[in-house]
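Quick notes on the structure that follows.
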Amino acid sequence: MKPQAIKFIVLIAAVNILFSPPYSHAQLPSWNDSLSKRALVAFVERVTNFESPDFVPPKERIAVFDNDGALWSEQPMYVQLAFALDRVKVLAEQNPELREKQPFKAALEGDLKTLAESGERGLMELIMATHAGMTTEEFAVIVSDWLATATHPKYQRPYTECVYQPMLELLAYLRENDFKTFIVSGGGVEFMRPWVEEVYGIPPEQIVGSSIKVKYEVRDGQSVLIRLPEIDLIDDKAGKPVGIHKYIGRRPIMAFGNSDGDYEMLEYVTSGLGPRFGMIIHHTDAERESAYDRQSHIGRLDKALDDAEKYGWVIVDMKNDWNRIFPEAAR
């Protein structure tokens, strides 16, 4: 064989090794060998195989994840709602008239049904009223301090230990395959930024969430951003594709959600050109976590469940598809 031919064969082999994904099944140990896992792995292998007709360049490999109910537990209430309830108690001591005004009245009385029905907008109103006038740095400190001591009411663990181990493995698996992972959540972006990098490995600049307006000021010679009592973006339902366009600027090729609040995000991502993948985390495990869908006020899954087959969205059955729910420390 001529030296030139040998060099060509070696070059082709090197390219195949370089662009072939790592063996994936061993990298998702908390996933049972289910149809949902096989579909997930098959998609990643297709879009990362240089020789595949569905190959996607690394710069276009973007995956977006809802947070509440998709990456960590959202029952019996959103974690940020639990945070807001603690903060509104302090606010009510300073402003007693809030005790008769919704959603503050419901918050103080522990009326979770009314609070849930107020949706993301009601939650954002609580946050705005509680933290208006604070700097972004002050807010980040309050969030970090609260998470350091607050525990989940059911699991009696820190909230940051109530994340889903299979999803942590999935995030790592995608990044190993040159995906850029983003959170696109209805929760507050500034509530998530202080801790998501340590917990999920996702940097704060890759967090898209609901937000309130801020303004620039110089206080005591320091440049700061002040949080205003005005909504900037509600990153839920139809707001999610808007947030993706506004802050990511490229249509992702993978989307992961768990509720009807993620419907438009899943629809937007999977209706694009080229290979697309959508996945719904269905909460079916009442023993290890929670079982809920159509009738739940938190993380309601109804329309998206009905339309999953129509759009080709893969449904994860948490009870049967995952052999572990939380990381070892939180089991």
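Numbering starts fresh at 1 for the residues of each chain in the structure tokens, the chains themselves are lettered A, B, ... in the order given, and ligands are numbered from 1 as they appear.
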
Next item on the list: Mind the document's chain letters and residue numbers, and return as a PyMOL selection string the residues of stretch 26-212 of chain A that DSSP labels strand (DSSP E).
Entry: chain A and resi 62-65+180-188+207-212

Next item on the list: Identify, with DSSP run on backbone atoms, the residues in stretch 27-125 of chain A assigned to alpha helix (DSSP H), and express the list as an NGL selection string.
Entry: :A and (35-48 or 79-94 or 104-109 or 112-125)

Those same residues - N, CA and C atoms - I'd like them written as a compact mmCIF listing (two decimals), in the first residue's frame.
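Below you can see out.txt, which holds the result:
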```txt
# COMPACT_ATOMS: atom_id res chain seq x y z
N LEU A 35 -37.42 2.72 26.69
CA LEU A 35 -37.58 3.33 25.37
C LEU A 35 -37.16 4.80 25.40
N SER A 36 -37.44 5.48 26.51
CA SER A 36 -37.09 6.90 26.60
C SER A 36 -35.58 7.09 26.58
N LYS A 37 -34.85 6.25 27.30
CA LYS A 37 -33.39 6.35 27.29
C LYS A 37 -32.84 6.02 25.91
N ARG A 38 -33.37 4.97 25.30
CA ARG A 38 -32.88 4.58 23.97
C ARG A 38 -33.11 5.69 22.95
N ALA A 39 -34.27 6.32 23.02
CA ALA A 39 -34.56 7.42 22.09
C ALA A 39 -33.61 8.58 22.31
N LEU A 40 -33.34 8.89 23.57
CA LEU A 40 -32.44 9.98 23.93
C LEU A 40 -31.03 9.70 23.41
N VAL A 41 -30.51 8.52 23.71
CA VAL A 41 -29.15 8.16 23.31
C VAL A 41 -29.04 8.10 21.79
N ALA A 42 -30.05 7.53 21.14
CA ALA A 42 -30.02 7.41 19.68
C ALA A 42 -29.96 8.79 19.03
N PHE A 43 -30.71 9.75 19.57
CA PHE A 43 -30.70 11.09 19.00
C PHE A 43 -29.32 11.73 19.15
N VAL A 44 -28.76 11.65 20.35
CA VAL A 44 -27.45 12.26 20.58
C VAL A 44 -26.39 11.62 19.69
N GLU A 45 -26.44 10.31 19.54
CA GLU A 45 -25.45 9.63 18.70
C GLU A 45 -25.60 10.03 17.24
N ARG A 46 -26.83 10.24 16.78
CA ARG A 46 -27.05 10.66 15.40
C ARG A 46 -26.48 12.04 15.12
N VAL A 47 -26.77 12.98 16.02
CA VAL A 47 -26.39 14.37 15.73
C VAL A 47 -24.92 14.64 16.02
N THR A 48 -24.24 13.72 16.70
CA THR A 48 -22.82 13.92 17.00
C THR A 48 -21.90 13.05 16.14
N VAL A 79 -40.01 25.96 44.72
CA VAL A 79 -39.01 26.34 45.72
C VAL A 79 -38.97 27.85 45.88
N GLN A 80 -39.07 28.57 44.79
CA GLN A 80 -39.05 30.02 44.90
C GLN A 80 -40.28 30.54 45.63
N LEU A 81 -41.37 29.82 45.55
CA LEU A 81 -42.56 30.21 46.31
C LEU A 81 -42.30 30.04 47.81
N ALA A 82 -41.64 28.94 48.19
CA ALA A 82 -41.28 28.75 49.60
C ALA A 82 -40.37 29.89 50.07
N PHE A 83 -39.46 30.29 49.23
CA PHE A 83 -38.58 31.41 49.53
C PHE A 83 -39.39 32.69 49.71
N ALA A 84 -40.34 32.92 48.80
CA ALA A 84 -41.16 34.14 48.86
C ALA A 84 -42.03 34.16 50.11
N LEU A 85 -42.54 32.99 50.52
CA LEU A 85 -43.37 32.93 51.72
C LEU A 85 -42.59 33.37 52.96
N ASP A 86 -41.35 32.94 53.05
CA ASP A 86 -40.53 33.34 54.18
C ASP A 86 -40.24 34.84 54.15
N ARG A 87 -40.02 35.37 52.96
CA ARG A 87 -39.69 36.79 52.83
C ARG A 87 -40.90 37.68 53.06
N VAL A 88 -42.10 37.22 52.64
CA VAL A 88 -43.28 38.07 52.76
C VAL A 88 -43.70 38.22 54.23
N LYS A 89 -43.34 37.27 55.07
CA LYS A 89 -43.62 37.40 56.50
C LYS A 89 -42.89 38.60 57.08
N VAL A 90 -41.67 38.80 56.64
CA VAL A 90 -40.88 39.95 57.10
C VAL A 90 -41.52 41.23 56.58
N LEU A 91 -41.95 41.21 55.33
CA LEU A 91 -42.55 42.40 54.71
C LEU A 91 -43.86 42.78 55.41
N ALA A 92 -44.66 41.77 55.78
CA ALA A 92 -45.95 42.03 56.42
C ALA A 92 -45.78 42.67 57.80
N GLU A 93 -44.71 42.37 58.47
CA GLU A 93 -44.45 42.99 59.77
C GLU A 93 -44.22 44.50 59.60
N GLN A 94 -43.65 44.87 58.46
CA GLN A 94 -43.38 46.29 58.19
C GLN A 94 -44.58 46.97 57.56
N PHE A 104 -50.61 38.31 48.96
CA PHE A 104 -49.93 38.31 50.26
C PHE A 104 -50.77 37.65 51.33
N LYS A 105 -52.08 37.87 51.28
CA LYS A 105 -52.98 37.26 52.26
C LYS A 105 -52.88 35.73 52.19
N ALA A 106 -52.93 35.21 51.00
CA ALA A 106 -52.82 33.76 50.83
C ALA A 106 -51.47 33.25 51.30
N ALA A 107 -50.42 34.02 51.03
CA ALA A 107 -49.08 33.62 51.45
C ALA A 107 -48.98 33.52 52.96
N LEU A 108 -49.52 34.51 53.65
CA LEU A 108 -49.43 34.54 55.10
C LEU A 108 -50.31 33.48 55.75
N GLU A 109 -51.41 33.12 55.08
CA GLU A 109 -52.33 32.12 55.62
C GLU A 109 -51.98 30.70 55.19
N LEU A 112 -52.08 27.58 49.80
CA LEU A 112 -51.28 27.22 48.63
C LEU A 112 -52.13 27.11 47.36
N LYS A 113 -53.39 26.74 47.49
CA LYS A 113 -54.26 26.63 46.32
C LYS A 113 -54.43 27.99 45.64
N THR A 114 -54.72 29.02 46.44
CA THR A 114 -54.89 30.35 45.88
C THR A 114 -53.57 30.86 45.29
N LEU A 115 -52.49 30.56 45.98
CA LEU A 115 -51.19 30.99 45.48
C LEU A 115 -50.86 30.30 44.16
N ALA A 116 -51.14 29.01 44.08
CA ALA A 116 -50.86 28.28 42.85
C ALA A 116 -51.68 28.82 41.70
N GLU A 117 -52.93 29.16 41.98
CA GLU A 117 -53.81 29.68 40.93
C GLU A 117 -53.36 31.06 40.45
N SER A 118 -52.58 31.77 41.28
CA SER A 118 -52.06 33.08 40.85
C SER A 118 -50.94 32.93 39.83
N GLY A 119 -50.37 31.70 39.72
CA GLY A 119 -49.37 31.43 38.70
C GLY A 119 -48.06 32.16 38.90
N GLU A 120 -47.26 32.16 37.83
CA GLU A 120 -45.95 32.81 37.89
C GLU A 120 -46.07 34.31 38.14
N ARG A 121 -47.13 34.91 37.62
CA ARG A 121 -47.30 36.35 37.81
C ARG A 121 -47.52 36.68 39.29
N GLY A 122 -48.32 35.84 39.98
CA GLY A 122 -48.51 36.07 41.40
C GLY A 122 -47.23 35.91 42.18
N LEU A 123 -46.45 34.90 41.82
CA LEU A 123 -45.17 34.69 42.48
C LEU A 123 -44.23 35.86 42.23
N MET A 124 -44.21 36.34 41.01
CA MET A 124 -43.35 37.48 40.70
C MET A 124 -43.79 38.72 41.46
N GLU A 125 -45.09 38.88 41.68
CA GLU A 125 -45.58 40.03 42.46
C GLU A 125 -45.06 39.96 43.89
```

Check: In terms of the shortest atom-to-atom distance over only C-alpha atoms, which of A:Ile226, A:Met167, A:Val218, A:Ala70 is closest to A:Gly261?
Finding: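 Nearest candidate to A:Gly261 out of A:Ile226, A:Met167, A:Val218, A:Ala70: A:Ala70.
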
Notebook entry, point to check: Any idea what's packed within 9 Å of A:Asp285, counting only C-alpha atoms, ignoring anything in its chain fewer than 2 positions away? Could you give it as JSON, numbers by chain?
Noted result: {"A": [282, 283, 287, 288, 289, 290, 291, 292, 317, 318, 319, 320]}

Check: Between A:Thr136, A:Gln102, A:Asn49, A:Gln295, which has the minimum distance to A:Ile212 (counting only C-alpha atoms)?
Finding: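 Once distances to A:Ile212 are computed over only C-alpha atoms, the minimum belongs to A:Thr136.
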